[in-house]
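*Asks:* Next up is a structure, given as structure tokens.
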Amino acid sequence: MLTYSAVFFSALMAASILPMQSEAVLVGFLLAGQKPIANLVIIATLGNVLGALVNWGLGRALRRFESRSWFPVSKQQIQHAQSWYLRYGRWSLLGSWLPIVGDPITVVAGAFRERFWPFVVLVTLAKGGRYIVLTAMTVPWL
């Protein structure tokens, strides 16, 4: 149970702005021979998608404060993000697994009112796919 908790919380935190490497935690448990492997991948995916949902919710909530003087994003940056998201749309969520830009994509999706279910499906495909590929590279006999 401790293994699953560690994988879940590292994946959850990795989807936030906190510096966390869920991939390293998952690979460590895979190399240690933890089984069943499918459960580790599913738990990591669930944690990472839940973290992305937190980002999506923050994006939705933060837009109401954009006119405040303390808001950390300028109107120009918001316009840039909006034109970028309008150009690539929800399909950009397939890049939510990417380092550095992946988590901000999920915040932007929330800020520009991406619908819940398309968000969940695309983010799950992206983040789950990353963990599946990582597992296949780590445990080549799969």
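FYI, nothing fancy with the structure tokens labels: chains A, B, ... in order, residues from 1 per chain, ligands from 1 as they appear.
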Counting only C-alpha atoms, what is within 7 Å of Trp56 (chain A), bar same-chain residues fewer than 3 positions away, as a ChimeraX atom specification?

*Replies:* /A:52-53,59-60,106-107,109-110

*Asks:* Please, could you write that set of residues out with C-alpha atoms as a PDB file, in the first residue's frame?

*Replies:*
ATOM      1  CA  ALA A  52      -4.042  18.178 -13.978  1.00  0.00           C
ATOM      2  CA  LEU A  53      -7.678  18.549 -12.906  1.00  0.00           C
ATOM      3  CA  GLY A  59      -7.302  28.103 -14.397  1.00  0.00           C
ATOM      4  CA  ARG A  60     -11.083  28.404 -14.323  1.00  0.00           C
ATOM      5  CA  THR A 106      -3.761  22.353 -18.292  1.00  0.00           C
ATOM      6  CA  VAL A 107      -4.098  25.692 -16.466  1.00  0.00           C
ATOM      7  CA  ALA A 109      -7.302  24.941 -20.756  1.00  0.00           C
ATOM      8  CA  GLY A 110      -9.168  25.686 -17.551  1.00  0.00           C
TER       9      GLY A 110
END

*Asks:* Considering only alpha helix (DSSP H) as DSSP defines it on the backbone, what residues of region 28-75 of chain A qualify? List them as a ChimeraX atom specification.

*Replies:* /A:28-31,37-62,75

*Asks:* Next, the residues of the selection above should be written as a CSV table (one decimal), in the first residue's frame with N, CA, C and O atoms.

*Replies:*
chain,number,residue,atom,x,y,z
A,28,GLY,N,11.7,3.6,-10.2
A,28,GLY,CA,12.3,3.0,-9.1
A,28,GLY,C,11.6,1.8,-8.6
A,28,GLY,O,12.2,0.8,-8.3
A,29,PHE,N,10.3,1.9,-8.5
A,29,PHE,CA,9.5,0.8,-8.1
A,29,PHE,C,9.4,-0.3,-9.1
A,29,PHE,O,9.4,-1.5,-8.7
A,30,LEU,N,9.4,0.0,-10.4
A,30,LEU,CA,9.5,-1.0,-11.4
A,30,LEU,C,10.8,-1.8,-11.3
A,30,LEU,O,10.8,-3.0,-11.4
A,31,LEU,N,11.9,-1.1,-11.2
A,31,LEU,CA,13.2,-1.7,-11.1
A,31,LEU,C,13.3,-2.6,-9.8
A,31,LEU,O,14.1,-3.5,-9.8
A,37,ILE,N,2.5,-4.6,-12.3
A,37,ILE,CA,2.9,-3.5,-13.0
A,37,ILE,C,1.8,-2.6,-13.5
A,37,ILE,O,1.8,-1.4,-13.4
A,38,ALA,N,0.7,-3.2,-14.0
A,38,ALA,CA,-0.4,-2.5,-14.5
A,38,ALA,C,-1.0,-1.6,-13.4
A,38,ALA,O,-1.4,-0.4,-13.7
A,39,ASN,N,-1.1,-2.1,-12.2
A,39,ASN,CA,-1.6,-1.3,-11.1
A,39,ASN,C,-0.7,0.0,-10.8
A,39,ASN,O,-1.3,1.1,-10.6
A,40,LEU,N,0.6,-0.2,-10.9
A,40,LEU,CA,1.5,1.0,-10.8
A,40,LEU,C,1.2,2.0,-11.8
A,40,LEU,O,1.1,3.2,-11.5
A,41,VAL,N,1.0,1.6,-13.1
A,41,VAL,CA,0.8,2.5,-14.2
A,41,VAL,C,-0.6,3.2,-14.0
A,41,VAL,O,-0.7,4.4,-14.2
A,42,ILE,N,-1.6,2.5,-13.6
A,42,ILE,CA,-2.9,3.0,-13.4
A,42,ILE,C,-2.9,4.0,-12.3
A,42,ILE,O,-3.4,5.1,-12.4
A,43,ILE,N,-2.3,3.7,-11.2
A,43,ILE,CA,-2.2,4.6,-10.0
A,43,ILE,C,-1.4,5.9,-10.4
A,43,ILE,O,-1.9,7.0,-10.0
A,44,ALA,N,-0.3,5.8,-11.1
A,44,ALA,CA,0.4,6.9,-11.5
A,44,ALA,C,-0.4,7.8,-12.4
A,44,ALA,O,-0.4,9.0,-12.3
A,45,THR,N,-1.1,7.2,-13.4
A,45,THR,CA,-2.0,7.9,-14.3
A,45,THR,C,-3.1,8.7,-13.5
A,45,THR,O,-3.3,9.9,-13.8
A,46,LEU,N,-3.7,8.0,-12.6
A,46,LEU,CA,-4.8,8.6,-11.8
A,46,LEU,C,-4.3,9.8,-11.0
A,46,LEU,O,-4.9,10.9,-11.0
A,47,GLY,N,-3.2,9.7,-10.4
A,47,GLY,CA,-2.6,10.8,-9.6
A,47,GLY,C,-2.2,11.9,-10.5
A,47,GLY,O,-2.5,13.1,-10.2
A,48,ASN,N,-1.6,11.7,-11.7
A,48,ASN,CA,-1.2,12.7,-12.6
A,48,ASN,C,-2.4,13.4,-13.2
A,48,ASN,O,-2.4,14.7,-13.3
A,49,VAL,N,-3.4,12.7,-13.5
A,49,VAL,CA,-4.7,13.3,-14.1
A,49,VAL,C,-5.4,14.1,-13.0
A,49,VAL,O,-5.9,15.2,-13.3
A,50,LEU,N,-5.4,13.6,-11.8
A,50,LEU,CA,-6.1,14.4,-10.7
A,50,LEU,C,-5.3,15.7,-10.5
A,50,LEU,O,-5.9,16.8,-10.4
A,51,GLY,N,-4.0,15.7,-10.6
A,51,GLY,CA,-3.2,16.9,-10.5
A,51,GLY,C,-3.5,17.9,-11.6
A,51,GLY,O,-3.6,19.1,-11.4
A,52,ALA,N,-3.7,17.3,-12.8
A,52,ALA,CA,-4.0,18.2,-14.0
A,52,ALA,C,-5.4,18.8,-13.8
A,52,ALA,O,-5.7,19.9,-14.2
A,53,LEU,N,-6.3,18.0,-13.2
A,53,LEU,CA,-7.7,18.5,-12.9
A,53,LEU,C,-7.6,19.7,-11.9
A,53,LEU,O,-8.4,20.7,-12.0
A,54,VAL,N,-6.7,19.6,-10.9
A,54,VAL,CA,-6.5,20.7,-10.0
A,54,VAL,C,-6.1,22.0,-10.8
A,54,VAL,O,-6.6,23.1,-10.6
A,55,ASN,N,-5.1,21.8,-11.7
A,55,ASN,CA,-4.7,22.9,-12.5
A,55,ASN,C,-5.8,23.5,-13.4
A,55,ASN,O,-5.9,24.7,-13.5
A,56,TRP,N,-6.6,22.6,-14.0
A,56,TRP,CA,-7.8,23.0,-14.8
A,56,TRP,C,-8.7,23.9,-13.9
A,56,TRP,O,-9.2,24.9,-14.3
A,57,GLY,N,-9.0,23.4,-12.7
A,57,GLY,CA,-9.9,24.2,-11.8
A,57,GLY,C,-9.3,25.5,-11.4
A,57,GLY,O,-10.0,26.5,-11.3
A,58,LEU,N,-7.9,25.5,-11.2
A,58,LEU,CA,-7.3,26.8,-10.8
A,58,LEU,C,-7.4,27.8,-12.0
A,58,LEU,O,-7.6,29.0,-11.8
A,59,GLY,N,-7.2,27.3,-13.2
A,59,GLY,CA,-7.3,28.1,-14.4
A,59,GLY,C,-8.7,28.7,-14.5
A,59,GLY,O,-8.8,29.9,-14.8
A,60,ARG,N,-9.7,27.9,-14.3
A,60,ARG,CA,-11.1,28.4,-14.3
A,60,ARG,C,-11.3,29.5,-13.3
A,60,ARG,O,-12.0,30.5,-13.5
A,61,ALA,N,-10.8,29.2,-12.1
A,61,ALA,CA,-11.0,30.2,-10.9
A,61,ALA,C,-10.2,31.4,-11.1
A,61,ALA,O,-10.7,32.5,-10.7
A,62,LEU,N,-9.0,31.3,-11.6
A,62,LEU,CA,-8.1,32.5,-11.6
A,62,LEU,C,-8.6,33.6,-12.6
A,62,LEU,O,-8.3,34.8,-12.4
A,75,LYS,N,-2.3,41.4,-19.1
A,75,LYS,CA,-3.3,41.3,-20.2
A,75,LYS,C,-2.7,40.8,-21.5
A,75,LYS,O,-3.3,40.0,-22.2

*Asks:* Show me, as a list of chain:residue names, the residues that have an atom within 9 Å of region 87-92 of chain A when counting only C-alpha atoms, minus same-chain residues fewer than 5 positions from it.

*Replies:*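 The filter keeps A:Gln82, A:Ile105, A:Ala109, A:Glu114, A:Pro118, A:Phe119, A:Leu122.
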
*Asks:* Can you spit out the residues from that selection as a PDB file, in the first residue's frame, using N, CA, C and O atoms?

*Replies:*
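Printed below is again.pdb as written:
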ATOM      1  N   GLN A  82      -4.363  33.064 -25.016  1.00  0.00           N
ATOM      2  CA  GLN A  82      -5.655  32.822 -25.655  1.00  0.00           C
ATOM      3  C   GLN A  82      -5.489  32.573 -27.151  1.00  0.00           C
ATOM      4  O   GLN A  82      -6.084  31.642 -27.694  1.00  0.00           O
ATOM      5  N   ILE A 105      -0.252  24.103 -19.795  1.00  0.00           N
ATOM      6  CA  ILE A 105      -1.298  23.843 -20.788  1.00  0.00           C
ATOM      7  C   ILE A 105      -2.609  23.503 -20.083  1.00  0.00           C
ATOM      8  O   ILE A 105      -3.681  23.945 -20.489  1.00  0.00           O
ATOM      9  N   ALA A 109      -6.050  25.594 -20.334  1.00  0.00           N
ATOM     10  CA  ALA A 109      -7.302  24.941 -20.756  1.00  0.00           C
ATOM     11  C   ALA A 109      -8.438  25.285 -19.799  1.00  0.00           C
ATOM     12  O   ALA A 109      -9.567  25.547 -20.235  1.00  0.00           O
ATOM     13  N   GLU A 114     -12.176  25.034 -21.210  1.00  0.00           N
ATOM     14  CA  GLU A 114     -12.261  23.729 -21.873  1.00  0.00           C
ATOM     15  C   GLU A 114     -13.251  22.873 -21.106  1.00  0.00           C
ATOM     16  O   GLU A 114     -13.266  22.880 -19.877  1.00  0.00           O
ATOM     17  N   PRO A 118     -13.854  16.280 -22.384  1.00  0.00           N
ATOM     18  CA  PRO A 118     -12.765  16.263 -23.370  1.00  0.00           C
ATOM     19  C   PRO A 118     -11.401  16.472 -22.707  1.00  0.00           C
ATOM     20  O   PRO A 118     -10.410  15.845 -23.090  1.00  0.00           O
ATOM     21  N   PHE A 119     -11.370  17.327 -21.685  1.00  0.00           N
ATOM     22  CA  PHE A 119     -10.135  17.561 -20.944  1.00  0.00           C
ATOM     23  C   PHE A 119      -9.644  16.258 -20.312  1.00  0.00           C
ATOM     24  O   PHE A 119      -8.496  15.863 -20.477  1.00  0.00           O
ATOM     25  N   LEU A 122      -8.416  13.573 -23.027  1.00  0.00           N
ATOM     26  CA  LEU A 122      -7.141  13.893 -23.689  1.00  0.00           C
ATOM     27  C   LEU A 122      -5.967  13.858 -22.718  1.00  0.00           C
ATOM     28  O   LEU A 122      -4.890  13.354 -23.050  1.00  0.00           O
TER      29      LEU A 122
END

*Asks:* With only C-alpha atoms as the basis for distance, which of A:Trp97, A:Arg63, A:His80, A:Pro104 is at the shortest distance from Ser22 (chain A)?

*Replies:*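 When distances to Ser22 (chain A) are compared using only C-alpha atoms, the smallest one comes from A:Trp97.
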
*Asks:* Identify which of the residues A:Ala136, A:Leu12, A:Ala6, A:Ala81 lies closest to Leu26 (chain A), counting only C-alpha atoms when measuring atom-to-atom distances.

*Replies:*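 Closest to Leu26 (chain A) of all the choices is A:Ala6.
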
*Asks:* For Ala126 (chain A), work out the shell of residues within 9 Å, counting only C-alpha atoms and skipping chain neighbours fewer than 4 positions away, then give it as JSON, numbers by chain.

*Replies:* {"A": [93, 94, 95, 96, 97, 98, 121, 122, 130, 131]}
